[in-house]
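What follows is the content of query-v1.txt (compact mmCIF, C-alpha atoms).
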```txt
# COMPACT_ATOMS: atom_id res chain seq x y z
CA MET A 1 36.45 -0.06 7.27
CA LEU A 2 33.68 0.08 9.87
CA SER A 3 33.23 3.79 9.15
CA ALA A 4 32.82 3.05 5.43
CA ILE A 5 30.14 0.44 6.15
CA LYS A 6 28.23 2.87 8.36
CA ASN A 7 28.44 5.59 5.73
CA SER A 8 26.99 3.25 3.11
CA PHE A 9 23.71 3.15 5.02
CA GLN A 10 23.22 6.93 4.96
CA PRO A 11 21.59 7.16 1.47
CA LEU A 12 18.92 4.75 2.72
CA GLY A 13 18.15 6.96 5.68
CA ILE A 14 19.56 4.50 8.22
CA ASN A 15 21.28 5.98 11.25
CA THR A 16 23.59 3.24 12.55
CA LYS A 17 24.27 5.11 15.80
CA GLN A 18 20.76 4.35 17.04
CA TYR A 19 21.38 0.59 17.29
CA GLY A 20 23.20 1.08 20.58
CA ASP A 21 20.33 3.13 21.92
CA THR A 22 18.03 1.49 24.46
CA ARG A 23 15.12 3.40 22.92
CA TRP A 24 15.74 1.59 19.64
CA TRP A 25 15.84 -1.89 21.14
CA LEU A 26 12.84 -1.37 23.41
CA GLY A 27 10.86 0.17 20.55
CA MET A 28 11.69 -2.73 18.25
CA LEU A 29 10.74 -5.21 20.95
CA LEU A 30 7.39 -3.45 21.38
CA VAL A 31 6.46 -3.47 17.68
CA ILE A 32 7.64 -7.08 17.21
CA VAL A 33 5.51 -8.31 20.13
CA LEU A 34 2.44 -6.46 18.84
CA ALA A 35 3.09 -7.71 15.29
CA GLY A 36 3.32 -11.27 16.61
CA ALA A 37 -0.04 -10.81 18.32
CA SER A 38 -1.49 -9.43 15.07
CA VAL A 39 -0.29 -12.45 13.08
CA ALA A 40 -1.74 -14.81 15.72
CA LEU A 41 -5.09 -13.01 15.66
CA SER A 42 -5.17 -13.16 11.84
CA LYS A 43 -5.09 -16.97 12.08
CA LEU A 44 -8.37 -17.08 13.98
CA PRO A 45 -11.26 -18.49 11.91
CA ILE A 46 -13.40 -15.38 12.38
CA MET A 47 -10.59 -13.15 11.08
CA GLN A 48 -9.85 -15.44 8.13
CA SER A 49 -13.51 -15.60 7.13
CA ALA A 50 -13.63 -11.79 7.14
CA GLN A 51 -10.31 -11.67 5.19
CA PHE A 52 -8.70 -9.44 7.82
CA SER A 53 -4.96 -9.73 7.29
CA SER A 54 -2.29 -9.23 9.92
CA LEU A 55 -1.59 -5.80 8.37
CA THR A 56 -5.13 -4.60 9.06
CA ILE A 57 -5.15 -6.06 12.55
CA GLY A 58 -1.67 -4.62 13.17
CA ILE A 59 -2.66 -1.02 12.54
CA VAL A 60 -5.81 -1.37 14.66
CA LEU A 61 -3.85 -2.93 17.52
CA GLY A 62 -1.20 -0.25 17.15
CA ILE A 63 -3.81 2.51 17.36
CA VAL A 64 -5.37 0.95 20.47
CA VAL A 65 -2.01 0.70 22.25
CA GLY A 66 -0.83 4.04 20.84
CA ASN A 67 -3.77 5.85 22.35
CA SER A 68 -3.57 4.16 25.73
CA VAL A 69 -0.31 2.92 27.26
CA PHE A 70 2.14 4.04 24.58
CA SER A 71 2.11 7.67 25.67
CA ARG A 72 3.68 6.60 28.98
CA ILE A 73 6.59 4.79 27.34
CA ALA A 74 6.96 6.76 24.09
CA THR A 75 10.14 8.53 25.20
CA ARG A 76 11.76 5.16 25.93
CA THR A 77 10.73 3.43 22.70
CA ASP A 78 10.41 6.14 20.04
CA ALA A 79 13.65 5.35 18.14
CA GLY A 80 12.66 1.74 17.47
CA VAL A 81 9.06 2.59 16.57
CA ASP A 82 10.13 5.26 14.07
CA PHE A 83 12.72 2.89 12.55
CA ALA A 84 9.99 0.30 12.00
CA LYS A 85 7.67 2.92 10.49
CA SER A 86 10.24 4.09 7.96
CA ILE A 87 13.09 1.69 7.20
CA LEU A 88 11.27 -1.61 7.77
CA LEU A 89 8.36 -0.30 5.71
CA LYS A 90 10.66 0.33 2.75
CA ALA A 91 12.26 -3.10 3.18
CA GLY A 92 8.79 -4.64 3.18
CA VAL A 93 7.86 -2.88 -0.06
CA ILE A 94 11.08 -4.13 -1.71
CA LEU A 95 10.46 -7.74 -0.69
CA PHE A 96 6.86 -7.46 -1.91
CA GLY A 97 8.37 -7.84 -5.38
CA PHE A 98 9.05 -11.53 -4.70
CA ARG A 99 5.32 -12.16 -5.02
CA ILE A 100 5.36 -11.26 -8.73
CA THR A 101 6.96 -12.63 -11.89
CA PHE A 102 7.08 -11.05 -15.33
CA ALA A 103 5.62 -14.28 -16.74
CA GLN A 104 2.50 -13.78 -14.62
CA VAL A 105 2.20 -10.27 -15.94
CA ALA A 106 2.48 -11.52 -19.54
CA GLY A 107 -0.23 -14.09 -18.81
CA VAL A 108 -3.04 -11.53 -18.83
CA GLY A 109 -1.84 -10.01 -22.12
CA TRP A 110 -2.28 -6.53 -23.52
CA HIS A 111 -5.95 -6.57 -22.55
CA GLY A 112 -5.10 -6.90 -18.86
CA LEU A 113 -2.24 -4.42 -19.07
CA LEU A 114 -4.30 -1.69 -20.73
CA THR A 115 -7.18 -2.25 -18.30
CA ASP A 116 -4.91 -1.83 -15.29
CA VAL A 117 -3.24 1.29 -16.71
CA VAL A 118 -6.59 2.95 -17.44
CA MET A 119 -8.03 2.01 -14.04
CA LEU A 120 -4.96 3.17 -12.14
CA LEU A 121 -4.69 6.53 -13.88
CA GLY A 122 -8.43 7.11 -13.94
CA THR A 123 -8.89 6.33 -10.26
CA PHE A 124 -5.93 8.39 -9.08
CA ILE A 125 -6.72 11.43 -11.24
CA LEU A 126 -10.34 11.30 -10.07
CA ALA A 127 -9.14 11.08 -6.45
CA VAL A 128 -6.96 14.18 -6.81
CA GLN A 129 -9.70 16.19 -8.53
CA LEU A 130 -12.48 15.21 -6.12
CA GLY A 131 -10.30 15.40 -3.04
CA LYS A 132 -8.98 18.88 -3.67
CA ARG A 133 -11.86 20.52 -5.57
CA VAL A 134 -15.01 18.91 -4.16
CA PHE A 135 -14.17 17.70 -0.66
CA LYS A 136 -11.44 20.30 0.03
CA LEU A 137 -9.14 17.70 1.56
CA ASP A 138 -5.44 18.29 2.09
CA GLU A 139 -3.11 16.97 -0.61
CA GLN A 140 -1.49 14.24 1.49
CA THR A 141 -4.80 12.61 2.47
CA THR A 142 -6.04 12.86 -1.12
CA ILE A 143 -2.92 11.24 -2.58
CA LEU A 144 -2.88 8.45 0.00
CA ILE A 145 -6.54 7.53 -0.55
CA GLY A 146 -6.02 7.72 -4.31
CA ALA A 147 -2.96 5.46 -4.16
CA GLY A 148 -4.68 2.89 -1.96
CA SER A 149 -7.78 2.77 -4.15
CA SER A 150 -5.99 2.74 -7.50
CA ILE A 151 -3.16 0.26 -6.86
CA CYS A 152 -3.01 -2.25 -4.02
CA GLY A 153 -4.68 -1.01 -0.87
CA ALA A 154 -2.78 -0.65 2.37
CA ALA A 155 0.58 -1.62 0.83
CA ALA A 156 0.28 1.23 -1.70
CA VAL A 157 -0.72 3.68 1.02
CA MET A 158 2.30 2.69 3.10
CA ALA A 159 4.65 2.83 0.11
CA THR A 160 3.39 6.30 -0.81
CA GLU A 161 3.86 7.67 2.71
CA PRO A 162 7.66 8.15 2.57
CA VAL A 163 7.49 9.70 -0.91
CA ILE A 164 5.15 12.51 0.19
CA LYS A 165 6.28 12.46 3.84
CA ALA A 166 2.72 12.08 5.08
CA GLN A 167 1.63 12.32 8.70
CA ALA A 168 0.80 9.06 10.48
CA HIS A 169 -2.86 9.83 11.14
CA LYS A 170 -3.46 10.59 7.46
CA VAL A 171 -1.98 7.22 6.51
CA SER A 172 -4.27 5.53 9.04
CA VAL A 173 -7.31 7.30 7.62
CA ALA A 174 -6.39 6.15 4.10
CA VAL A 175 -5.84 2.56 5.24
CA ALA A 176 -9.23 2.60 6.99
CA THR A 177 -10.99 3.57 3.75
CA VAL A 178 -9.25 0.72 1.93
CA VAL A 179 -10.46 -1.76 4.54
CA VAL A 180 -14.06 -0.50 4.42
CA PHE A 181 -14.60 -0.35 0.67
CA GLY A 182 -12.29 -3.20 -0.24
CA THR A 183 -14.25 -5.47 2.10
CA LEU A 184 -17.52 -4.24 0.59
CA SER A 185 -16.22 -5.07 -2.90
CA MET A 186 -15.10 -8.50 -1.76
CA PHE A 187 -18.65 -9.45 -0.78
CA ALA A 188 -20.55 -7.51 -3.47
CA TYR A 189 -18.72 -8.71 -6.60
CA PRO A 190 -19.57 -12.45 -6.33
CA ILE A 191 -23.25 -11.55 -5.77
CA LEU A 192 -23.25 -9.30 -8.84
CA PHE A 193 -21.41 -11.82 -11.05
CA GLU A 194 -24.51 -13.56 -12.40
CA TYR A 195 -25.96 -10.21 -13.50
CA MET A 196 -22.79 -8.94 -15.21
CA GLY A 197 -22.83 -11.18 -18.26
CA LEU A 198 -19.07 -11.76 -17.99
CA SER A 199 -17.14 -14.97 -18.53
CA GLU A 200 -15.09 -16.27 -15.59
CA HIS A 201 -11.91 -15.00 -17.26
CA ALA A 202 -13.40 -11.53 -17.87
CA TYR A 203 -14.75 -11.46 -14.31
CA GLY A 204 -11.27 -12.28 -13.01
CA ILE A 205 -9.76 -9.34 -14.90
CA PHE A 206 -12.54 -7.09 -13.61
CA VAL A 207 -11.89 -8.17 -10.03
CA GLY A 208 -8.12 -7.86 -10.29
CA SER A 209 -8.27 -4.42 -11.87
CA THR A 210 -10.74 -2.85 -9.43
CA ILE A 211 -10.62 -4.38 -5.93
CA HIS A 212 -8.22 -2.82 -3.43
CA GLU A 213 -6.32 -5.56 -1.53
CA VAL A 214 -4.73 -8.77 -2.83
CA ALA A 215 -6.50 -10.84 -0.16
CA GLN A 216 -9.83 -9.29 -1.11
CA VAL A 217 -9.17 -10.13 -4.78
CA VAL A 218 -8.48 -13.75 -3.86
CA ALA A 219 -11.72 -13.97 -1.88
CA ALA A 220 -13.88 -12.35 -4.59
CA GLY A 221 -12.37 -14.54 -7.32
CA THR A 222 -12.53 -17.81 -5.38
CA ALA A 223 -16.22 -17.22 -4.59
CA VAL A 224 -16.95 -17.67 -8.32
CA SER A 225 -14.38 -20.29 -9.43
CA ALA A 226 -10.72 -21.30 -9.26
CA ASN A 227 -10.23 -20.10 -12.85
CA ALA A 228 -11.65 -16.68 -11.99
CA ALA A 229 -9.44 -16.50 -8.91
CA ASP A 230 -6.26 -17.33 -10.87
CA THR A 231 -6.98 -14.68 -13.49
CA ALA A 232 -7.91 -12.14 -10.81
CA VAL A 233 -4.70 -12.66 -8.86
CA ILE A 234 -2.48 -12.35 -11.98
CA GLU A 235 -4.31 -9.17 -13.03
CA LYS A 236 -3.92 -7.83 -9.49
CA MET A 237 -0.20 -8.64 -9.46
CA LEU A 238 0.21 -6.66 -12.67
CA ARG A 239 -1.49 -3.76 -10.93
CA VAL A 240 0.82 -4.18 -7.94
CA MET A 241 3.86 -4.06 -10.23
CA MET A 242 2.74 -0.62 -11.36
CA LEU A 243 3.44 0.62 -7.83
CA ALA A 244 7.09 1.33 -8.64
CA PRO A 245 6.58 3.53 -11.73
CA PHE A 246 3.69 5.21 -9.92
CA LEU A 247 5.96 6.17 -7.00
CA VAL A 248 8.69 7.44 -9.33
CA GLY A 249 6.11 9.48 -11.25
CA LEU A 250 4.65 10.80 -8.00
CA SER A 251 8.11 11.83 -6.81
CA PHE A 252 8.70 13.64 -10.12
CA TRP A 253 5.32 15.41 -9.84
CA GLN A 254 6.02 16.49 -6.26
CA SER A 255 9.46 17.75 -7.25
CA LYS A 256 8.11 19.83 -10.14
CA LYS A 257 5.41 21.30 -7.93
CA HIS A 258 7.88 22.21 -5.19
CA ALA A 259 10.26 23.62 -7.79
CA HIS A 260 7.52 25.99 -8.94
CA ILE A 261 6.80 27.03 -5.34
CA ASN A 262 10.51 27.50 -4.60
CA ALA A 263 10.99 29.55 -7.77
CA GLN A 264 8.24 31.91 -6.71
CA GLY A 265 9.82 32.22 -3.28
CA GLY A 266 13.34 32.62 -4.64
CA GLU A 267 14.54 29.35 -3.12
CA GLN A 268 16.77 26.79 -4.82
CA ASN A 269 15.16 23.63 -6.18
CA SER A 270 16.26 20.47 -4.39
CA GLY A 271 15.69 18.28 -7.49
CA ILE A 272 13.90 14.96 -7.95
CA THR A 273 14.06 12.44 -5.14
CA ILE A 274 13.99 8.93 -6.61
CA PRO A 275 12.29 6.42 -4.27
CA TRP A 276 14.99 3.77 -4.56
CA PHE A 277 12.96 1.26 -2.61
CA ALA A 278 10.42 1.33 -5.46
CA VAL A 279 13.17 0.64 -8.00
CA LEU A 280 14.44 -2.24 -5.85
CA PHE A 281 10.86 -3.56 -5.78
CA ILE A 282 11.10 -4.04 -9.57
CA VAL A 283 14.57 -5.60 -9.17
CA ALA A 284 13.13 -8.09 -6.68
CA SER A 285 10.39 -8.95 -9.18
CA GLY A 286 13.03 -9.49 -11.86
CA ILE A 287 15.05 -11.81 -9.63
CA HIS A 288 11.92 -13.77 -8.80
CA SER A 289 11.10 -14.00 -12.52
CA LEU A 290 14.47 -15.66 -13.23
CA SER A 291 13.59 -18.55 -10.88
CA VAL A 292 17.11 -18.54 -9.45
CA ILE A 293 15.77 -18.75 -5.90
CA PRO A 294 14.20 -22.06 -4.78
CA GLN A 295 10.44 -21.95 -4.20
CA GLY A 296 10.89 -22.78 -0.53
CA ALA A 297 13.18 -19.78 -0.07
CA THR A 298 10.75 -17.55 -1.97
CA ASN A 299 7.91 -18.66 0.30
CA ALA A 300 10.09 -17.82 3.30
CA ILE A 301 10.82 -14.36 1.87
CA VAL A 302 7.11 -13.70 1.30
CA TRP A 303 6.36 -14.84 4.87
CA PHE A 304 9.10 -12.59 6.25
CA ASP A 305 7.85 -9.71 4.11
CA ASN A 306 4.39 -10.06 5.63
CA ILE A 307 6.00 -9.84 9.07
CA LEU A 308 7.92 -6.68 8.11
CA LEU A 309 4.80 -5.00 6.74
CA THR A 310 2.82 -5.98 9.83
CA ILE A 311 5.54 -4.50 12.07
CA ALA A 312 5.45 -1.29 10.02
CA MET A 313 1.66 -1.15 10.33
CA VAL A 314 1.88 -1.58 14.10
CA ALA A 315 4.44 1.24 14.31
CA LEU A 316 2.21 3.43 12.19
CA GLY A 317 -0.71 2.72 14.50
CA LEU A 318 1.37 3.59 17.55
CA ARG A 319 2.10 7.00 16.04
CA THR A 320 -1.56 7.65 15.15
CA HIS A 321 -3.71 9.77 17.43
CA VAL A 322 -7.44 9.10 17.42
CA GLY A 323 -8.11 12.81 17.84
CA ALA A 324 -6.42 13.52 14.53
CA ILE A 325 -8.50 10.85 12.78
CA ARG A 326 -11.68 12.26 14.33
CA GLN A 327 -10.68 15.71 13.16
CA ALA A 328 -10.42 14.44 9.57
CA GLY A 329 -14.18 13.88 9.64
CA ILE A 330 -16.31 12.09 7.07
CA LYS A 331 -14.81 13.68 3.95
CA PRO A 332 -12.06 11.05 3.45
CA LEU A 333 -14.72 8.34 3.63
CA LEU A 334 -16.87 10.18 1.09
CA LEU A 335 -13.91 10.46 -1.28
CA ALA A 336 -13.13 6.77 -0.93
CA GLY A 337 -16.82 6.00 -1.50
CA CYS A 338 -16.83 7.94 -4.77
CA LEU A 339 -13.71 6.07 -5.87
CA PHE A 340 -15.40 2.78 -4.93
CA LEU A 341 -18.33 3.65 -7.20
CA PHE A 342 -15.95 4.54 -10.02
CA LEU A 343 -14.00 1.30 -9.56
CA THR A 344 -17.21 -0.75 -9.56
CA LEU A 345 -19.44 0.95 -12.14
CA GLY A 346 -16.83 2.77 -14.19
CA GLY A 347 -14.48 -0.19 -13.92
CA PHE A 348 -17.13 -2.53 -15.32
CA SER A 349 -17.72 -0.23 -18.32
CA ILE A 350 -13.97 0.18 -18.93
CA ASN A 351 -13.41 -3.57 -18.69
CA VAL A 352 -16.19 -4.30 -21.19
CA GLY A 353 -15.04 -1.53 -23.53
CA ILE A 354 -11.41 -2.64 -23.59
CA ALA A 355 -12.42 -6.30 -24.01
CA GLN A 356 -14.23 -5.36 -27.22
CA LEU A 357 -10.98 -3.89 -28.60
CA PHE A 358 -9.16 -7.25 -28.33
```
If you convert what's in this file into structure tokens, what do you get?
Amino acid sequence: MLSAIKNSFQPLGINTKQYGDTRWWLGMLLVIVLAGASVALSKLPIMQSAQFSSLTIGIVLGIVVGNSVFSRIATRTDAGVDFAKSILLKAGVILFGFRITFAQVAGVGWHGLLTDVVMLLGTFILAVQLGKRVFKLDEQTTILIGAGSSICGAAAVMATEPVIKAQAHKVSVAVATVVVFGTLSMFAYPILFEYMGLSEHAYGIFVGSTIHEVAQVVAAGTAVSANAADTAVIEKMLRVMMLAPFLVGLSFWQSKKHAHINAQGGEQNSGITIPWFAVLFIVASGIHSLSVIPQGATNAIVWFDNILLTIAMVALGLRTHVGAIRQAGIKPLLLAGCLFLFLTLGGFSINVGIAQLF
């Protein structure tokens, strides 16, 4: 019976043997303590005014510790840190679905849906083309920056990482670009609002369809009005819900590409790898939509999910080497900057154009 239970975890990539390993427990203790410090720091007024979430602080704190004292204890904590970076990350993405309901998605209508689809595809395709053809970046960095810019910031970057099996420093670089340009959008949009000629509702859709992080969307919407903020958040949640089909599509694309490479090399194709955690993300959204879970319990799940994602960010930071980030140079930032301009200027034109169709 016990053997059957252990075997059931294998498809999820969970090795149950590691739980008796001291390296697992010490590693988990390390990331939990650092995540707790990140959450505490995020409560400080200066951090809240800058809209720095515990996820952002977590990866920075992880990088600081990872490039100082962690190297001395890595061999005694690596199992727990790697577990947090992989399994807890996937669990966090799944629980992220409890922030969304299908009713919220329906609230923005076909106008909001079409806007998000066009912005997501346009931003990601532009990222791939610019990243590979203009800036000559590697595919992993390009995909990660494209995912973070086109969907939901750091959460999308982290969710994309296991699908393409990206290196930790590339994930950190992508997250950094999200923080920089998402923060810039958060402050710039409210200033530009009076020159846009948009209603509060239209402004909310523009904000939700183009700004990177959920927290940044809330800040940019609230700076104009409560009505703008509500519309912006719903539009953003619709964009977040597209994370699951995006990951499935990305997995299919990667599989087809590798199949072509394997065929040329005479190797057997391994087939499509379905990111089940992305499918479970949609399932979680469906459960939340049915309102079968009390609101208090849902709030607790969302709180716990934030903790899981913060722990994963800390673990990612611990595995990130500053030298590798420095080696990446300015090109990732230039790519993210081009995507920021497309999201802002192109996004405004797309929003206005689609609005005229409805």
- Message: Report as an MDAnalysis selection string all protein, DNA and RNA residues lying within 12 Å of Pro162 of chain A, evaluated on only C-alpha atoms, omitting residues in the same chain fewer than 2 positions from it.
- Response: chainID A and resid 12:13 85:90 93 140 144 156:160 164:168 171 247:248 250:251 273:278
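Nearest to Ala79 of chain A of all the residues A:Tyr189, A:Trp25, A:Trp253, A:Phe98 is A:Trp25, counting all atoms listed in the file.
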Using all atoms listed in the file, the shortest atom-to-atom distance to Ala154 of chain A among A:Phe358, A:Tyr203, A:Phe181, A:Phe348 belongs to A:Phe181
Counting only C-alpha atoms, the residue among A:Gly146, A:Met241, A:Thr177, A:Ala37 that lies closest to Val105 of chain A is A:Met241
(message) Residues within 10 Å of Ala312 of chain A, please, as a PyMOL selection string. Count only C-alpha atoms; anything in the same chain fewer than 4 positions from it doesn't count.
(response) chain A and resi 31-32+35+55+58-59+62+81-92+158+306-308+316-318
Take atom CA of Thr183 of chain A and atom CA of Pro332 of chain A and report the distance between them in Å, one decimal.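 Computing the Euclidean distance for atom CA of Thr183 of chain A and atom CA of Pro332 of chain A yields 16.7 Å.
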*To one decimal in Å, tell me the separation between atom CA of Val214 of chain A and atom CA of Met237 of chain A.*
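Separation of atom CA of Val214 of chain A and atom CA of Met237 of chain A: 8.0 Å.
For the point (11.0, -0.8, 19.1), the residues with an atom at a distance of at most 6 Å are Trp24, Trp25, Leu26, Gly27, Met28, Leu29, Leu30, Val31, Thr77, Gly80 and Val81 of chain A, counting only C-alpha atoms.
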note - atom CA of Ile100 of chain A and atom CA of Cys152 of chain A are separated by 13.2 Å
